[in-house]
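Q: Here you go, this is input20.pdb (PDB, C-alpha atoms).
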```pdb
ATOM      1  CA  MET A   1      83.340  -6.256   3.303
ATOM      2  CA  ALA A   2      82.178  -2.957   4.282
ATOM      3  CA  LYS A   3      79.624  -1.418   2.075
ATOM      4  CA  GLN A   4      79.871   2.200   1.241
ATOM      5  CA  VAL A   5      76.764   4.296   0.872
ATOM      6  CA  ILE A   6      76.936   6.784  -1.904
ATOM      7  CA  GLN A   7      74.620   9.722  -1.664
ATOM      8  CA  LEU A   8      72.906  10.929  -4.771
ATOM      9  CA  ASN A   9      73.367  14.542  -5.586
ATOM     10  CA  ASN A  10      70.350  15.462  -7.649
ATOM     11  CA  LYS A  11      67.568  18.080  -7.419
ATOM     12  CA  TYR A  12      65.353  15.919  -5.190
ATOM     13  CA  THR A  13      68.012  15.317  -2.538
ATOM     14  CA  GLN A  14      69.109  18.941  -2.585
ATOM     15  CA  LYS A  15      65.485  20.062  -2.030
ATOM     16  CA  HIS A  16      65.137  17.539   0.774
ATOM     17  CA  LYS A  17      68.326  18.818   2.452
ATOM     18  CA  LYS A  18      67.137  22.411   2.226
ATOM     19  CA  ARG A  19      63.822  21.439   3.810
ATOM     20  CA  ASN A  20      65.591  19.767   6.749
ATOM     21  CA  LEU A  21      68.000  22.661   7.173
ATOM     22  CA  ASN A  22      65.203  25.197   7.728
ATOM     23  CA  PRO A  23      65.042  25.584  11.509
ATOM     24  CA  VAL A  24      61.784  25.242  13.393
ATOM     25  CA  PRO A  25      60.687  28.716  14.423
ATOM     26  CA  LYS A  26      61.470  29.309  18.073
ATOM     27  CA  ARG A  27      58.699  30.443  20.303
ATOM     28  CA  LYS A  28      60.564  33.059  22.271
ATOM     29  CA  HIS A  29      57.526  34.777  23.729
ATOM     30  CA  LEU A  30      55.428  31.705  24.427
ATOM     31  CA  GLY A  31      56.136  31.802  28.176
ATOM     32  CA  LEU A  32      55.241  35.472  28.375
ATOM     33  CA  ILE A  33      52.021  34.886  26.444
ATOM     34  CA  LEU A  34      51.157  32.001  28.776
ATOM     35  CA  ILE A  35      51.744  34.148  31.876
ATOM     36  CA  VAL A  36      49.598  36.964  30.484
ATOM     37  CA  ALA A  37      46.806  34.509  29.621
ATOM     38  CA  ILE A  38      46.865  33.015  33.124
ATOM     39  CA  LEU A  39      46.800  36.512  34.609
ATOM     40  CA  LEU A  40      43.801  37.523  32.503
ATOM     41  CA  PHE A  41      41.860  34.375  33.384
ATOM     42  CA  SER A  42      42.612  34.808  37.078
ATOM     43  CA  LEU A  43      41.408  38.434  36.987
ATOM     44  CA  ALA A  44      38.235  37.379  35.215
ATOM     45  CA  SER A  45      37.593  34.610  37.746
ATOM     46  CA  MET A  46      38.171  36.999  40.675
ATOM     47  CA  SER A  47      35.655  39.400  39.192
ATOM     48  CA  LEU A  48      33.189  36.562  38.769
ATOM     49  CA  ILE A  49      33.632  35.493  42.397
ATOM     50  CA  LYS A  50      33.033  39.058  43.628
ATOM     51  CA  SER A  51      29.890  39.272  41.497
ATOM     52  CA  TYR A  52      28.630  36.004  42.965
ATOM     53  CA  GLU A  53      29.244  37.223  46.510
ATOM     54  CA  THR A  54      27.386  40.488  45.923
ATOM     55  CA  LEU A  55      24.533  38.579  44.315
ATOM     56  CA  HIS A  56      24.333  36.278  47.328
ATOM     57  CA  SER A  57      24.252  39.236  49.736
ATOM     58  CA  GLN A  58      21.569  40.943  47.636
ATOM     59  CA  VAL A  59      19.421  37.794  47.722
ATOM     60  CA  ALA A  60      19.731  37.635  51.509
ATOM     61  CA  LEU A  61      18.844  41.323  51.750
ATOM     62  CA  GLU A  62      15.822  40.778  49.515
ATOM     63  CA  GLN A  63      14.584  37.917  51.700
ATOM     64  CA  SER A  64      14.868  40.010  54.851
ATOM     65  CA  ALA A  65      13.063  42.884  53.112
ATOM     66  CA  LYS A  66      10.239  40.514  52.117
ATOM     67  CA  LYS A  67       9.860  39.348  55.723
ATOM     68  CA  GLN A  68       9.822  42.929  56.949
ATOM     69  CA  TYR A  69       7.266  43.862  54.288
ATOM     70  CA  GLU A  70       4.978  41.003  55.349
ATOM     71  CA  SER A  71       5.121  42.014  59.011
ATOM     72  CA  LEU A  72       4.504  45.666  58.165
ATOM     73  CA  SER A  73       1.601  44.820  55.872
ATOM     74  CA  LYS A  74       0.006  42.822  58.715
ATOM     75  CA  GLU A  75       0.422  45.801  61.027
ATOM     76  CA  VAL A  76      -1.122  48.101  58.418
ATOM     77  CA  THR A  77      -4.178  45.860  58.024
ATOM     78  CA  ILE A  78      -4.608  45.732  61.809
ATOM     79  CA  LYS A  79      -4.352  49.534  62.038
ATOM     80  CA  LYS A  80      -6.861  49.971  59.187
ATOM     81  CA  GLU A  81      -9.301  47.687  61.001
ATOM     82  CA  GLU A  82      -8.857  49.705  64.192
ATOM     83  CA  ILE A  83      -9.455  52.960  62.302
ATOM     84  CA  SER A  84     -12.624  51.595  60.724
ATOM     85  CA  LYS A  85     -13.841  50.429  64.166
ATOM     86  CA  LEU A  86     -13.119  53.840  65.701
ATOM     87  CA  GLN A  87     -15.293  55.478  63.043
ATOM     88  CA  ASN A  88     -18.261  53.450  64.303
ATOM     89  CA  PRO A  89     -19.978  55.482  67.077
ATOM     90  CA  ASN A  90     -21.347  52.411  68.913
ATOM     91  CA  TYR A  91     -17.913  50.838  69.133
ATOM     92  CA  LEU A  92     -16.410  54.126  70.238
ATOM     93  CA  GLN A  93     -18.925  54.385  73.099
ATOM     94  CA  LYS A  94     -18.255  50.806  74.197
ATOM     95  CA  PHE A  95     -14.505  51.352  73.994
ATOM     96  CA  ALA A  96     -14.651  54.527  76.081
ATOM     97  CA  ARG A  97     -16.841  52.846  78.703
ATOM     98  CA  SER A  98     -14.551  49.815  78.925
ATOM     99  CA  ASP A  99     -11.555  51.971  79.855
ATOM    100  CA  GLY A 100     -13.088  53.381  83.010
ATOM    101  CA  GLN A 101     -16.183  54.284  84.924
ATOM    102  CA  GLU A 102     -15.849  58.029  84.279
ATOM    103  CA  TYR A 103     -17.201  57.714  80.717
ATOM    104  CA  SER A 104     -20.271  55.700  81.642
ATOM    105  CA  GLN A 105     -23.620  57.282  82.343
ATOM    106  CA  SER A 106     -24.738  57.750  85.951
ATOM    107  CA  ASP A 107     -27.431  55.030  85.917
ATOM    108  CA  GLU A 108     -25.347  52.544  83.875
ATOM    109  CA  LYS A 109     -23.418  49.549  85.224
ATOM    110  CA  VAL A 110     -20.283  48.398  83.345
ATOM    111  CA  PHE A 111     -18.989  44.847  83.806
ATOM    112  CA  THR A 112     -15.534  43.733  82.654
ATOM    113  CA  THR A 113     -14.610  40.123  81.956
ATOM    114  CA  ASP A 114     -11.408  38.355  81.145
ATOM    115  CA  SER A 115     -13.170  35.611  79.218
ATOM    116  CA  PRO A 116     -11.520  34.605  75.921
ATOM    117  CA  LEU A 117     -15.004  34.033  74.448
ATOM    118  CA  ILE A 118     -15.776  37.741  74.537
ATOM    119  CA  GLY A 119     -13.755  39.973  72.232
ATOM    120  CA  SER A 120     -12.166  43.290  73.101
ATOM    121  CA  ASN A 121     -15.213  45.154  71.862
ATOM    122  CA  GLY A 122     -17.585  43.381  74.270
ATOM    123  CA  SER A 123     -19.402  41.239  71.701
ATOM    124  CA  LYS A 124     -19.146  37.517  71.076
TER     125      LYS A 124
END
```
So, in terms of structure tokens, how does the structure I just supplied come out?
A:
Amino acid sequence: MAKQVIQLNNKYTQKHKKRNLNPVPKRKHLGLILIVAILLFSLASMSLIKSYETLHSQVALEQSAKKQYESLSKEVTIKKEEISKLQNPNYLQKFARSDGQEYSQSDEKVFTTDSPLIGSNGSK
């Protein structure tokens, strides 16, 4: 007792057959599009990595420049202090006499000490 299936041939079934017969559009260029997208992202990431490296080197350069600036500013303040001391005539006389006996007066005695309590200008 085999049953036979009879297919209806009306508008609904014909529409349904036409819908199933339409092929799914093939994506011929999908692989090429994928390769191009990967290439673009890799180029962008390489550019980003180079930017990061240059930024890192610039930060290191800035830090070294700051250290150099601090040391030079200390030297400048020391030199300004020395210039202001050299403009003082009393200090200039004491400094000239401390270098040697030839700048001292004939009746004057000059004593030199290596004591850390007395500064380079002869005063405490």
Q: Please, what distance in Å, to one decimal, runs between CA of Leu92 (chain A) and CA of Ser71 (chain A)?
A: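 These atoms are spaced 27.1 Å apart.
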Q: Just give me the gap between CA of Gln87 (chain A) and CA of Gln105 (chain A) in Å, one decimal is fine.
A: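 So the two atoms, CA of Gln87 (chain A) and CA of Gln105 (chain A), lie 21.1 Å apart.
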Q: Output as JSON the centre and edge lengths (Å, one decimal) of the box along x, y and z of the file that holds every listed atom of region 85-88 of chain A after adding 6 Å on each side.
A:
```
{"center_x": -15.7, "center_y": 53.0, "center_z": 64.4, "size_x": 17.1, "size_y": 17.0, "size_z": 14.7}
```
Q: Mind pulling up the distance from CA of Lys3 (chain A) to CA of Lys18 (chain A)?
A: 26.9 Å
